[in-house]
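Data first, discussion second: the structure below is written as structure tokens.
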Amino acid sequence: MLLVCSARAAERPRVVVTAVAPVDADRLAEAMRAYLDEFAVDVVTAAASTDTELRAQLDATKATGADVRAVAAIRVADARAGTVEIALVDRLSGKALIATLARPPRDEDLYRAVALKVQALLRSSLYERHETLATEAPELNRLVAAPVAPARPRRWSLDAGYALVSFPLDGIVEHGVAIDARVALGRLFEVALGAEIVAPAHASRQEVAGVLFAVPITARGGVHGSRGRWQGAVAAVAELLIVSLEASSASAVVRSDRTVAPGFGAELTGQVRLVSALSLFVRGSAIGLVDGPRYLVRSAPIFDVSRLQVGASAGLAVALW
């Protein structure tokens, strides 16, 4: 795997990640962004070098750094069983550093450990030139001056944004705000609890006016995956739909009602990371309601929320902790 930090004055410093299987370049790049985003250092991926001899690897690493006018180039690859080897060539000082890292049993721990080690090697190698970096690459100078602080993965997230709730079989469409709290369970799974606060629906029929308040409260569990800045999730949803009907009429006897209807369905989410702790999400769901209410005025329906509910939301996701 090869990492290159760009030294272009007119551009942000850049880290290029390549990996030889079984190391995944995209997952490693995602782990490194958690540590380098705050220093305005970009992380991108590229194809891996096929060199196997150490001298050839160092020469190729140095040449790659020169090609992109990099201040440093780093190559990471699996070594003997149970270890990972990291080689760094500092073009400012002409030094080459090689470190060996014990391979953690879990993949997510491996990428986090490699990202931390790469950050520490960059800081150590560039430290002698930190005064020069203050003018040549201020972002990298901040990296050198920053203390080593192992960042823990942020598993808790809060989503907030615009919400649309629709009961398409009756033509009811409501708009409001969606709020969700999510927690990641390892690399693949997540659970969430959310609610949508929407404006009431109004309707009238045969001199009877009705105002329908519907508040969906959902719990969901699903699987998620990521590639670079993009993330997607598919989840099963269990819902409690709180329904309140306020009815009024000047000429007829009417009755208001409050009830709770359960529902079950599925949800699909797409997400793109804007910065390290902030993402933009879009979410859609379809839920079948069990024993939902159907309100009638002289045998004619005024509100029907007894069967299908379709929802959509979009907004910002903030990684909290």
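In the structure tokens, each chain is lettered A, B, ... as it comes, each chain's residues begin at 1, and ligands are numbered from 1 in order of appearance.
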
Which residues are close to region 101-113 of chain A, i.e. within 12 Å by only C-alpha atoms, leaving aside same-chain residues fewer than 5 positions away? Reply as a PDB file with all heavy atoms, in the first residue's frame.
ATOM      1  N   MET A   1       0.824  -1.181   0.000  1.00  0.00           N
ATOM      2  CA  MET A   1       0.000   0.000   0.000  1.00  0.00           C
ATOM      3  C   MET A   1       0.866   1.241   0.000  1.00  0.00           C
ATOM      4  O   MET A   1       1.871   1.269   0.695  1.00  0.00           O
ATOM      5  CB  MET A   1      -0.905   0.004   1.228  1.00  0.00           C
ATOM      6  CG  MET A   1      -1.834   1.172   1.252  1.00  0.00           C
ATOM      7  SD  MET A   1      -2.397   1.442   2.915  1.00  0.00           S
ATOM      8  CE  MET A   1      -0.839   1.845   3.619  1.00  0.00           C
ATOM      9  N   ALA A  19      -3.335  -0.402  -1.961  1.00  0.00           N
ATOM     10  CA  ALA A  19      -3.245  -1.573  -1.087  1.00  0.00           C
ATOM     11  C   ALA A  19      -3.204  -2.841  -1.911  1.00  0.00           C
ATOM     12  O   ALA A  19      -3.814  -2.934  -2.971  1.00  0.00           O
ATOM     13  CB  ALA A  19      -4.433  -1.614  -0.129  1.00  0.00           C
ATOM     14  N   PRO A  22      -4.744  -8.843   1.024  1.00  0.00           N
ATOM     15  CA  PRO A  22      -6.128  -8.624   1.454  1.00  0.00           C
ATOM     16  C   PRO A  22      -6.412  -7.256   2.051  1.00  0.00           C
ATOM     17  O   PRO A  22      -7.507  -7.028   2.567  1.00  0.00           O
ATOM     18  CB  PRO A  22      -6.327  -9.712   2.504  1.00  0.00           C
ATOM     19  CG  PRO A  22      -4.974  -9.838   3.122  1.00  0.00           C
ATOM     20  CD  PRO A  22      -3.976  -9.634   2.010  1.00  0.00           C
ATOM     21  N   VAL A  23      -5.471  -6.332   2.064  1.00  0.00           N
ATOM     22  CA  VAL A  23      -5.736  -4.995   2.578  1.00  0.00           C
ATOM     23  C   VAL A  23      -6.623  -4.246   1.592  1.00  0.00           C
ATOM     24  O   VAL A  23      -6.380  -4.257   0.387  1.00  0.00           O
ATOM     25  CB  VAL A  23      -4.424  -4.229   2.818  1.00  0.00           C
ATOM     26  CG1 VAL A  23      -4.714  -2.838   3.365  1.00  0.00           C
ATOM     27  CG2 VAL A  23      -3.523  -4.998   3.778  1.00  0.00           C
ATOM     28  N   ASP A  24      -7.655  -3.580   2.103  1.00  0.00           N
ATOM     29  CA  ASP A  24      -8.619  -2.851   1.278  1.00  0.00           C
ATOM     30  C   ASP A  24      -8.265  -1.362   1.304  1.00  0.00           C
ATOM     31  O   ASP A  24      -8.292  -0.719   2.350  1.00  0.00           O
ATOM     32  CB  ASP A  24     -10.033  -3.077   1.813  1.00  0.00           C
ATOM     33  CG  ASP A  24     -11.108  -2.480   0.912  1.00  0.00           C
ATOM     34  OD1 ASP A  24     -10.957  -1.328   0.498  1.00  0.00           O
ATOM     35  OD2 ASP A  24     -12.095  -3.180   0.633  1.00  0.00           O
ATOM     36  N   ALA A  25      -7.931  -0.792   0.147  1.00  0.00           N
ATOM     37  CA  ALA A  25      -7.503   0.608   0.078  1.00  0.00           C
ATOM     38  C   ALA A  25      -8.615   1.558   0.488  1.00  0.00           C
ATOM     39  O   ALA A  25      -8.370   2.568   1.159  1.00  0.00           O
ATOM     40  CB  ALA A  25      -7.027   0.931  -1.335  1.00  0.00           C
ATOM     41  N   ASP A  26      -9.857   1.265   0.098  1.00  0.00           N
ATOM     42  CA  ASP A  26     -10.966   2.159   0.433  1.00  0.00           C
ATOM     43  C   ASP A  26     -11.200   2.214   1.939  1.00  0.00           C
ATOM     44  O   ASP A  26     -11.417   3.283   2.510  1.00  0.00           O
ATOM     45  CB  ASP A  26     -12.243   1.710  -0.280  1.00  0.00           C
ATOM     46  CG  ASP A  26     -12.188   1.962  -1.773  1.00  0.00           C
ATOM     47  OD1 ASP A  26     -11.656   3.011  -2.165  1.00  0.00           O
ATOM     48  OD2 ASP A  26     -12.675   1.120  -2.546  1.00  0.00           O
ATOM     49  N   ARG A  27     -11.155   1.060   2.590  1.00  0.00           N
ATOM     50  CA  ARG A  27     -11.363   1.037   4.035  1.00  0.00           C
ATOM     51  C   ARG A  27     -10.207   1.724   4.765  1.00  0.00           C
ATOM     52  O   ARG A  27     -10.414   2.421   5.758  1.00  0.00           O
ATOM     53  CB  ARG A  27     -11.538  -0.396   4.531  1.00  0.00           C
ATOM     54  CG  ARG A  27     -12.842  -1.044   4.113  1.00  0.00           C
ATOM     55  CD  ARG A  27     -12.976  -2.439   4.682  1.00  0.00           C
ATOM     56  NE  ARG A  27     -12.950  -2.412   6.138  1.00  0.00           N
ATOM     57  CZ  ARG A  27     -12.907  -3.501   6.893  1.00  0.00           C
ATOM     58  NH1 ARG A  27     -12.864  -4.694   6.322  1.00  0.00           N
ATOM     59  NH2 ARG A  27     -12.895  -3.400   8.210  1.00  0.00           N
ATOM     60  N   LEU A  28      -8.990   1.537   4.278  1.00  0.00           N
ATOM     61  CA  LEU A  28      -7.851   2.203   4.901  1.00  0.00           C
ATOM     62  C   LEU A  28      -7.934   3.716   4.707  1.00  0.00           C
ATOM     63  O   LEU A  28      -7.658   4.497   5.624  1.00  0.00           O
ATOM     64  CB  LEU A  28      -6.549   1.660   4.319  1.00  0.00           C
ATOM     65  CG  LEU A  28      -5.272   2.269   4.889  1.00  0.00           C
ATOM     66  CD1 LEU A  28      -5.222   2.103   6.403  1.00  0.00           C
ATOM     67  CD2 LEU A  28      -4.048   1.655   4.243  1.00  0.00           C
ATOM     68  N   ALA A  29      -8.344   4.146   3.506  1.00  0.00           N
ATOM     69  CA  ALA A  29      -8.497   5.582   3.256  1.00  0.00           C
ATOM     70  C   ALA A  29      -9.542   6.186   4.181  1.00  0.00           C
ATOM     71  O   ALA A  29      -9.364   7.282   4.719  1.00  0.00           O
ATOM     72  CB  ALA A  29      -8.886   5.812   1.788  1.00  0.00           C
ATOM     73  N   GLU A  30     -10.639   5.460   4.395  1.00  0.00           N
ATOM     74  CA  GLU A  30     -11.691   5.951   5.289  1.00  0.00           C
ATOM     75  C   GLU A  30     -11.160   6.090   6.716  1.00  0.00           C
ATOM     76  O   GLU A  30     -11.450   7.066   7.412  1.00  0.00           O
ATOM     77  CB  GLU A  30     -12.881   4.996   5.258  1.00  0.00           C
ATOM     78  CG  GLU A  30     -14.129   5.529   5.927  1.00  0.00           C
ATOM     79  CD  GLU A  30     -14.698   6.751   5.240  1.00  0.00           C
ATOM     80  OE1 GLU A  30     -14.524   6.893   4.007  1.00  0.00           O
ATOM     81  OE2 GLU A  30     -15.321   7.578   5.929  1.00  0.00           O
ATOM     82  N   ALA A  31     -10.362   5.115   7.173  1.00  0.00           N
ATOM     83  CA  ALA A  31      -9.782   5.199   8.517  1.00  0.00           C
ATOM     84  C   ALA A  31      -8.818   6.374   8.634  1.00  0.00           C
ATOM     85  O   ALA A  31      -8.799   7.082   9.650  1.00  0.00           O
ATOM     86  CB  ALA A  31      -9.070   3.891   8.854  1.00  0.00           C
ATOM     87  N   MET A  32      -8.017   6.624   7.590  1.00  0.00           N
ATOM     88  CA  MET A  32      -7.048   7.713   7.651  1.00  0.00           C
ATOM     89  C   MET A  32      -7.717   9.076   7.634  1.00  0.00           C
ATOM     90  O   MET A  32      -7.223  10.036   8.223  1.00  0.00           O
ATOM     91  CB  MET A  32      -6.059   7.586   6.498  1.00  0.00           C
ATOM     92  CG  MET A  32      -5.150   6.369   6.614  1.00  0.00           C
ATOM     93  SD  MET A  32      -3.722   6.487   5.529  1.00  0.00           S
ATOM     94  CE  MET A  32      -2.936   7.966   6.157  1.00  0.00           C
ATOM     95  N   ARG A  33      -8.881   9.180   6.946  1.00  0.00           N
ATOM     96  CA  ARG A  33      -9.589  10.472   6.939  1.00  0.00           C
ATOM     97  C   ARG A  33      -9.994  10.899   8.348  1.00  0.00           C
ATOM     98  O   ARG A  33     -10.050  12.094   8.651  1.00  0.00           O
ATOM     99  CB  ARG A  33     -10.814  10.376   6.037  1.00  0.00           C
ATOM    100  CG  ARG A  33     -10.472  10.271   4.558  1.00  0.00           C
ATOM    101  CD  ARG A  33     -11.708  10.319   3.675  1.00  0.00           C
ATOM    102  NE  ARG A  33     -11.346  10.106   2.291  1.00  0.00           N
ATOM    103  CZ  ARG A  33     -11.588   9.004   1.609  1.00  0.00           C
ATOM    104  NH1 ARG A  33     -12.225   7.997   2.194  1.00  0.00           N
ATOM    105  NH2 ARG A  33     -11.214   8.874   0.356  1.00  0.00           N
ATOM    106  N   ALA A  34     -10.295   9.931   9.206  1.00  0.00           N
ATOM    107  CA  ALA A  34     -10.672  10.255  10.576  1.00  0.00           C
ATOM    108  C   ALA A  34      -9.549  10.970  11.320  1.00  0.00           C
ATOM    109  O   ALA A  34      -9.797  11.744  12.250  1.00  0.00           O
ATOM    110  CB  ALA A  34     -11.073   8.986  11.319  1.00  0.00           C
ATOM    111  N   TYR A  35      -8.290  10.743  10.916  1.00  0.00           N
ATOM    112  CA  TYR A  35      -7.144  11.341  11.590  1.00  0.00           C
ATOM    113  C   TYR A  35      -6.550  12.532  10.831  1.00  0.00           C
ATOM    114  O   TYR A  35      -5.849  13.347  11.431  1.00  0.00           O
ATOM    115  CB  TYR A  35      -6.054  10.292  11.790  1.00  0.00           C
ATOM    116  CG  TYR A  35      -6.513   9.116  12.611  1.00  0.00           C
ATOM    117  CD1 TYR A  35      -6.921   7.935  12.004  1.00  0.00           C
ATOM    118  CD2 TYR A  35      -6.565   9.189  13.990  1.00  0.00           C
ATOM    119  CE1 TYR A  35      -7.362   6.857  12.750  1.00  0.00           C
ATOM    120  CE2 TYR A  35      -7.001   8.117  14.746  1.00  0.00           C
ATOM    121  CZ  TYR A  35      -7.402   6.953  14.126  1.00  0.00           C
ATOM    122  OH  TYR A  35      -7.839   5.895  14.864  1.00  0.00           O
ATOM    123  N   VAL A  76       2.683   0.603   2.574  1.00  0.00           N
ATOM    124  CA  VAL A  76       2.257  -0.335   3.607  1.00  0.00           C
ATOM    125  C   VAL A  76       1.798  -1.619   2.937  1.00  0.00           C
ATOM    126  O   VAL A  76       1.077  -1.585   1.939  1.00  0.00           O
ATOM    127  CB  VAL A  76       1.114   0.246   4.467  1.00  0.00           C
ATOM    128  CG1 VAL A  76       0.674  -0.740   5.539  1.00  0.00           C
ATOM    129  CG2 VAL A  76       1.543   1.563   5.081  1.00  0.00           C
ATOM    130  N   ALA A  77       2.241  -2.752   3.470  1.00  0.00           N
ATOM    131  CA  ALA A  77       1.837  -4.044   2.892  1.00  0.00           C
ATOM    132  C   ALA A  77       1.958  -5.125   3.951  1.00  0.00           C
ATOM    133  O   ALA A  77       2.675  -4.962   4.949  1.00  0.00           O
ATOM    134  CB  ALA A  77       2.706  -4.393   1.683  1.00  0.00           C
ATOM    135  N   ASP A  78       1.254  -6.226   3.751  1.00  0.00           N
ATOM    136  CA  ASP A  78       1.413  -7.387   4.616  1.00  0.00           C
ATOM    137  C   ASP A  78       2.842  -7.916   4.498  1.00  0.00           C
ATOM    138  O   ASP A  78       3.386  -8.035   3.393  1.00  0.00           O
ATOM    139  CB  ASP A  78       0.434  -8.495   4.218  1.00  0.00           C
ATOM    140  CG  ASP A  78      -0.942  -8.276   4.828  1.00  0.00           C
ATOM    141  OD1 ASP A  78      -1.055  -7.412   5.713  1.00  0.00           O
ATOM    142  OD2 ASP A  78      -1.893  -8.966   4.432  1.00  0.00           O
ATOM    143  N   ALA A  79       3.460  -8.211   5.632  1.00  0.00           N
ATOM    144  CA  ALA A  79       4.799  -8.815   5.641  1.00  0.00           C
ATOM    145  C   ALA A  79       4.644 -10.299   5.951  1.00  0.00           C
ATOM    146  O   ALA A  79       3.779 -10.957   5.384  1.00  0.00           O
ATOM    147  CB  ALA A  79       5.680  -8.103   6.662  1.00  0.00           C
ATOM    148  N   ARG A  80       5.456 -10.795   6.845  1.00  0.00           N
ATOM    149  CA  ARG A  80       5.293 -12.202   7.222  1.00  0.00           C
ATOM    150  C   ARG A  80       3.984 -12.371   7.989  1.00  0.00           C
ATOM    151  O   ARG A  80       3.343 -11.379   8.370  1.00  0.00           O
ATOM    152  CB  ARG A  80       6.476 -12.652   8.057  1.00  0.00           C
ATOM    153  CG  ARG A  80       6.662 -11.890   9.343  1.00  0.00           C
ATOM    154  CD  ARG A  80       7.925 -12.330  10.063  1.00  0.00           C
ATOM    155  NE  ARG A  80       8.079 -11.623  11.312  1.00  0.00           N
ATOM    156  CZ  ARG A  80       8.623 -10.441  11.436  1.00  0.00           C
ATOM    157  NH1 ARG A  80       9.051  -9.803  10.353  1.00  0.00           N
ATOM    158  NH2 ARG A  80       8.742  -9.869  12.615  1.00  0.00           N
ATOM    159  N   ALA A  81       3.614 -13.597   8.241  1.00  0.00           N
ATOM    160  CA  ALA A  81       2.326 -13.894   8.859  1.00  0.00           C
ATOM    161  C   ALA A  81       2.154 -13.128  10.163  1.00  0.00           C
ATOM    162  O   ALA A  81       3.015 -13.136  11.037  1.00  0.00           O
ATOM    163  CB  ALA A  81       2.212 -15.397   9.116  1.00  0.00           C
ATOM    164  N   GLY A  82       1.033 -12.431  10.272  1.00  0.00           N
ATOM    165  CA  GLY A  82       0.702 -11.738  11.510  1.00  0.00           C
ATOM    166  C   GLY A  82       1.275 -10.351  11.645  1.00  0.00           C
ATOM    167  O   GLY A  82       1.126  -9.732  12.705  1.00  0.00           O
ATOM    168  N   THR A  83       1.920  -9.791  10.612  1.00  0.00           N
ATOM    169  CA  THR A  83       2.493  -8.453  10.707  1.00  0.00           C
ATOM    170  C   THR A  83       2.190  -7.637   9.456  1.00  0.00           C
ATOM    171  O   THR A  83       1.892  -8.178   8.386  1.00  0.00           O
ATOM    172  CB  THR A  83       4.027  -8.494  10.902  1.00  0.00           C
ATOM    173  OG1 THR A  83       4.632  -9.109   9.757  1.00  0.00           O
ATOM    174  CG2 THR A  83       4.401  -9.262  12.157  1.00  0.00           C
ATOM    175  N   VAL A  84       2.301  -6.328   9.622  1.00  0.00           N
ATOM    176  CA  VAL A  84       2.160  -5.371   8.521  1.00  0.00           C
ATOM    177  C   VAL A  84       3.400  -4.491   8.522  1.00  0.00           C
ATOM    178  O   VAL A  84       3.840  -4.026   9.578  1.00  0.00           O
ATOM    179  CB  VAL A  84       0.893  -4.519   8.680  1.00  0.00           C
ATOM    180  CG1 VAL A  84       0.830  -3.437   7.610  1.00  0.00           C
ATOM    181  CG2 VAL A  84      -0.358  -5.381   8.613  1.00  0.00           C
ATOM    182  N   GLU A  85       3.987  -4.254   7.354  1.00  0.00           N
ATOM    183  CA  GLU A  85       5.197  -3.440   7.233  1.00  0.00           C
ATOM    184  C   GLU A  85       4.864  -2.085   6.632  1.00  0.00           C
ATOM    185  O   GLU A  85       4.153  -1.987   5.635  1.00  0.00           O
ATOM    186  CB  GLU A  85       6.229  -4.147   6.351  1.00  0.00           C
ATOM    187  CG  GLU A  85       7.569  -3.422   6.296  1.00  0.00           C
ATOM    188  CD  GLU A  85       8.586  -4.186   5.471  1.00  0.00           C
ATOM    189  OE1 GLU A  85       8.521  -4.071   4.222  1.00  0.00           O
ATOM    190  OE2 GLU A  85       9.404  -4.901   6.055  1.00  0.00           O
ATOM    191  N   ILE A  86       5.393  -1.041   7.250  1.00  0.00           N
ATOM    192  CA  ILE A  86       5.178   0.342   6.804  1.00  0.00           C
ATOM    193  C   ILE A  86       6.530   0.952   6.482  1.00  0.00           C
ATOM    194  O   ILE A  86       7.430   0.951   7.333  1.00  0.00           O
ATOM    195  CB  ILE A  86       4.467   1.166   7.881  1.00  0.00           C
ATOM    196  CG1 ILE A  86       3.157   0.499   8.309  1.00  0.00           C
ATOM    197  CG2 ILE A  86       4.205   2.585   7.391  1.00  0.00           C
ATOM    198  CD1 ILE A  86       2.506   1.153   9.508  1.00  0.00           C
ATOM    199  N   ALA A  87       6.709   1.441   5.266  1.00  0.00           N
ATOM    200  CA  ALA A  87       7.957   2.103   4.859  1.00  0.00           C
ATOM    201  C   ALA A  87       7.646   3.544   4.464  1.00  0.00           C
ATOM    202  O   ALA A  87       6.715   3.795   3.696  1.00  0.00           O
ATOM    203  CB  ALA A  87       8.592   1.372   3.679  1.00  0.00           C
ATOM    204  N   VAL A 118       0.756   5.389  10.670  1.00  0.00           N
ATOM    205  CA  VAL A 118       1.154   6.256   9.569  1.00  0.00           C
ATOM    206  C   VAL A 118       1.202   7.701  10.024  1.00  0.00           C
ATOM    207  O   VAL A 118       2.144   8.451   9.721  1.00  0.00           O
ATOM    208  CB  VAL A 118       0.185   6.083   8.379  1.00  0.00           C
ATOM    209  CG1 VAL A 118       0.371   7.204   7.368  1.00  0.00           C
ATOM    210  CG2 VAL A 118       0.403   4.736   7.713  1.00  0.00           C
ATOM    211  N   GLN A 119       0.195   8.127  10.790  1.00  0.00           N
ATOM    212  CA  GLN A 119       0.191   9.496  11.304  1.00  0.00           C
ATOM    213  C   GLN A 119       1.408   9.748  12.193  1.00  0.00           C
ATOM    214  O   GLN A 119       2.071  10.796  12.097  1.00  0.00           O
ATOM    215  CB  GLN A 119      -1.096   9.759  12.077  1.00  0.00           C
ATOM    216  CG  GLN A 119      -1.239  11.201  12.550  1.00  0.00           C
ATOM    217  CD  GLN A 119      -2.376  11.362  13.542  1.00  0.00           C
ATOM    218  OE1 GLN A 119      -2.592  10.504  14.387  1.00  0.00           O
ATOM    219  NE2 GLN A 119      -3.102  12.453  13.438  1.00  0.00           N
ATOM    220  N   ALA A 120       1.747   8.782  13.053  1.00  0.00           N
ATOM    221  CA  ALA A 120       2.906   8.943  13.940  1.00  0.00           C
ATOM    222  C   ALA A 120       4.214   8.983  13.157  1.00  0.00           C
ATOM    223  O   ALA A 120       5.114   9.767  13.482  1.00  0.00           O
ATOM    224  CB  ALA A 120       2.921   7.801  14.963  1.00  0.00           C
ATOM    225  N   PRO A 150      -5.088   9.174  20.126  1.00  0.00           N
ATOM    226  CA  PRO A 150      -5.839   8.122  19.444  1.00  0.00           C
ATOM    227  C   PRO A 150      -7.328   8.461  19.398  1.00  0.00           C
ATOM    228  O   PRO A 150      -7.960   8.696  20.433  1.00  0.00           O
ATOM    229  CB  PRO A 150      -5.581   6.877  20.303  1.00  0.00           C
ATOM    230  CG  PRO A 150      -4.301   7.176  21.015  1.00  0.00           C
ATOM    231  CD  PRO A 150      -4.300   8.648  21.245  1.00  0.00           C
ATOM    232  N   ALA A 151      -7.849   8.547  18.205  1.00  0.00           N
ATOM    233  CA  ALA A 151      -9.266   8.862  18.039  1.00  0.00           C
ATOM    234  C   ALA A 151     -10.087   7.584  18.107  1.00  0.00           C
ATOM    235  O   ALA A 151      -9.764   6.597  17.464  1.00  0.00           O
ATOM    236  CB  ALA A 151      -9.499   9.570  16.696  1.00  0.00           C
ATOM    237  N   ARG A 152     -11.144   7.608  18.904  1.00  0.00           N
ATOM    238  CA  ARG A 152     -12.019   6.464  18.985  1.00  0.00           C
ATOM    239  C   ARG A 152     -13.094   6.575  17.908  1.00  0.00           C
ATOM    240  O   ARG A 152     -13.529   7.677  17.565  1.00  0.00           O
ATOM    241  CB  ARG A 152     -12.663   6.377  20.377  1.00  0.00           C
ATOM    242  CG  ARG A 152     -13.497   7.574  20.741  1.00  0.00           C
ATOM    243  CD  ARG A 152     -13.896   7.536  22.200  1.00  0.00           C
ATOM    244  NE  ARG A 152     -14.594   6.307  22.512  1.00  0.00           N
ATOM    245  CZ  ARG A 152     -14.932   5.961  23.747  1.00  0.00           C
ATOM    246  NH1 ARG A 152     -14.614   6.755  24.763  1.00  0.00           N
ATOM    247  NH2 ARG A 152     -15.581   4.828  23.967  1.00  0.00           N
ATOM    248  N   PRO A 153     -13.515   5.492  17.337  1.00  0.00           N
ATOM    249  CA  PRO A 153     -14.541   5.562  16.305  1.00  0.00           C
ATOM    250  C   PRO A 153     -15.840   6.119  16.853  1.00  0.00           C
ATOM    251  O   PRO A 153     -16.235   5.814  17.984  1.00  0.00           O
ATOM    252  CB  PRO A 153     -14.707   4.096  15.867  1.00  0.00           C
ATOM    253  CG  PRO A 153     -14.213   3.298  17.021  1.00  0.00           C
ATOM    254  CD  PRO A 153     -13.125   4.109  17.636  1.00  0.00           C
ATOM    255  N   GLY A 186     -20.496  -2.581  15.587  1.00  0.00           N
ATOM    256  CA  GLY A 186     -19.460  -3.169  14.764  1.00  0.00           C
ATOM    257  C   GLY A 186     -19.431  -2.533  13.387  1.00  0.00           C
ATOM    258  O   GLY A 186     -19.948  -1.439  13.162  1.00  0.00           O
ATOM    259  N   ARG A 187     -18.840  -3.253  12.438  1.00  0.00           N
ATOM    260  CA  ARG A 187     -18.644  -2.696  11.099  1.00  0.00           C
ATOM    261  C   ARG A 187     -19.863  -2.827  10.198  1.00  0.00           C
ATOM    262  O   ARG A 187     -20.034  -2.057   9.259  1.00  0.00           O
ATOM    263  CB  ARG A 187     -17.442  -3.397  10.433  1.00  0.00           C
ATOM    264  CG  ARG A 187     -17.015  -2.776   9.119  1.00  0.00           C
ATOM    265  CD  ARG A 187     -15.730  -3.391   8.631  1.00  0.00           C
ATOM    266  NE  ARG A 187     -15.867  -4.803   8.313  1.00  0.00           N
ATOM    267  CZ  ARG A 187     -16.242  -5.247   7.119  1.00  0.00           C
ATOM    268  NH1 ARG A 187     -16.535  -4.392   6.151  1.00  0.00           N
ATOM    269  NH2 ARG A 187     -16.310  -6.545   6.890  1.00  0.00           N
ATOM    270  N   LEU A 188     -20.773  -3.776  10.485  1.00  0.00           N
ATOM    271  CA  LEU A 188     -21.847  -4.078   9.547  1.00  0.00           C
ATOM    272  C   LEU A 188     -23.235  -3.683  10.027  1.00  0.00           C
ATOM    273  O   LEU A 188     -24.109  -3.427   9.199  1.00  0.00           O
ATOM    274  CB  LEU A 188     -21.856  -5.579   9.212  1.00  0.00           C
ATOM    275  CG  LEU A 188     -20.662  -6.116   8.430  1.00  0.00           C
ATOM    276  CD1 LEU A 188     -20.796  -7.615   8.235  1.00  0.00           C
ATOM    277  CD2 LEU A 188     -20.552  -5.414   7.085  1.00  0.00           C
TER     278      LEU A 188
END

- prompt: Skipping near chain neighbours, those fewer than 6 positions away, what residues fall within 7 Å of Leu316 (chain A) using only C-alpha atoms, listed as a ChimeraX atom specification?
  reply: /A:159-161,278-281

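Proximity ranking of A:Leu320, A:Ala238, A:Val17, A:Ala163 relative to Ala181 (chain A) places A:Leu320 first, based on only C-alpha atoms.
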
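Across A:Ile179, A:Leu268, A:Val208, A:Val305, the tightest approach to Val223 (chain A) is made by A:Leu268 when counting only C-alpha atoms.
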
- request: Apply DSSP to the structure's backbone, then extract all residues of region 129-224 of chain A labelled alpha helix (DSSP H) and return them as a ChimeraX atom specification.
  value: /A:130-136,138-145

message: I want to know what sits within 6 Å of Ala235 (chain A), based on only C-alpha atoms, with residues of the same chain fewer than 4 positions away left out; could you give that as an NGL selection string?
response: :A and (221-222 or 266-267)

query: Nearest to Tyr295 (chain A) among A:Leu274, A:Ile197, A:Val211, A:Val310, with distances taken over only C-alpha atoms: which residue is it?
result: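 Of A:Leu274, A:Ile197, A:Val211, A:Val310, the one nearest Tyr295 (chain A) is A:Val211, counting only C-alpha atoms.
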
- request: Just the strand (DSSP E or B) stuff from region 106-241 of chain A, please, per backbone DSSP, written as a ChimeraX atom specification.
  value: /A:156-167,172-185,189-198,201-205,208-227,230-241

message: Just want the 12 Å neighbourhood of Ala40 (chain A), counted on only C-alpha atoms, with same-chain residues fewer than 4 positions away dropped. Output as a PyMOL selection string.
response: chain A and resi 5-6+11-15+33-36+137-143+275-276

What does the file look like for those residues with C-alpha atoms, as an mmCIF file, in the first residue's frame?
data_model
loop_
_atom_site.group_PDB
_atom_site.id
_atom_site.type_symbol
_atom_site.label_atom_id
_atom_site.label_comp_id
_atom_site.auth_asym_id
_atom_site.auth_seq_id
_atom_site.Cartn_x
_atom_site.Cartn_y
_atom_site.Cartn_z
ATOM 1 C CA CYS A 5 1.378 13.544 0.789
ATOM 2 C CA SER A 6 1.277 16.318 -1.778
ATOM 3 C CA GLU A 11 -3.451 22.662 -3.192
ATOM 4 C CA ARG A 12 -4.270 20.881 0.010
ATOM 5 C CA PRO A 13 -1.723 18.215 0.948
ATOM 6 C CA ARG A 14 -2.878 14.892 -0.411
ATOM 7 C CA VAL A 15 -2.540 11.306 0.709
ATOM 8 C CA ARG A 33 -9.589 10.472 6.939
ATOM 9 C CA ALA A 34 -10.672 10.255 10.576
ATOM 10 C CA TYR A 35 -7.144 11.341 11.590
ATOM 11 C CA LEU A 36 -6.143 13.662 8.720
ATOM 12 C CA ALA A 137 2.731 23.403 4.066
ATOM 13 C CA PRO A 138 0.990 24.881 7.127
ATOM 14 C CA GLU A 139 -1.414 21.940 7.334
ATOM 15 C CA LEU A 140 1.460 19.469 7.682
ATOM 16 C CA ASN A 141 3.116 21.741 10.208
ATOM 17 C CA ARG A 142 -0.038 21.525 12.332
ATOM 18 C CA LEU A 143 0.156 17.744 11.998
ATOM 19 C CA VAL A 275 -16.431 16.385 6.599
ATOM 20 C CA SER A 276 -15.187 13.962 9.256
#

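Comparing A:Val290, A:Ala60, A:Leu212, A:Ala314 by their smallest distance to Gln271 (chain A), the closest is A:Ala314 (using only C-alpha atoms).
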
Among the residues A:Ala48, A:Ala312, A:Val20, A:Ala99, the one that comes closest to Glu174 (chain A) [using only C-alpha atoms]: A:Ala312
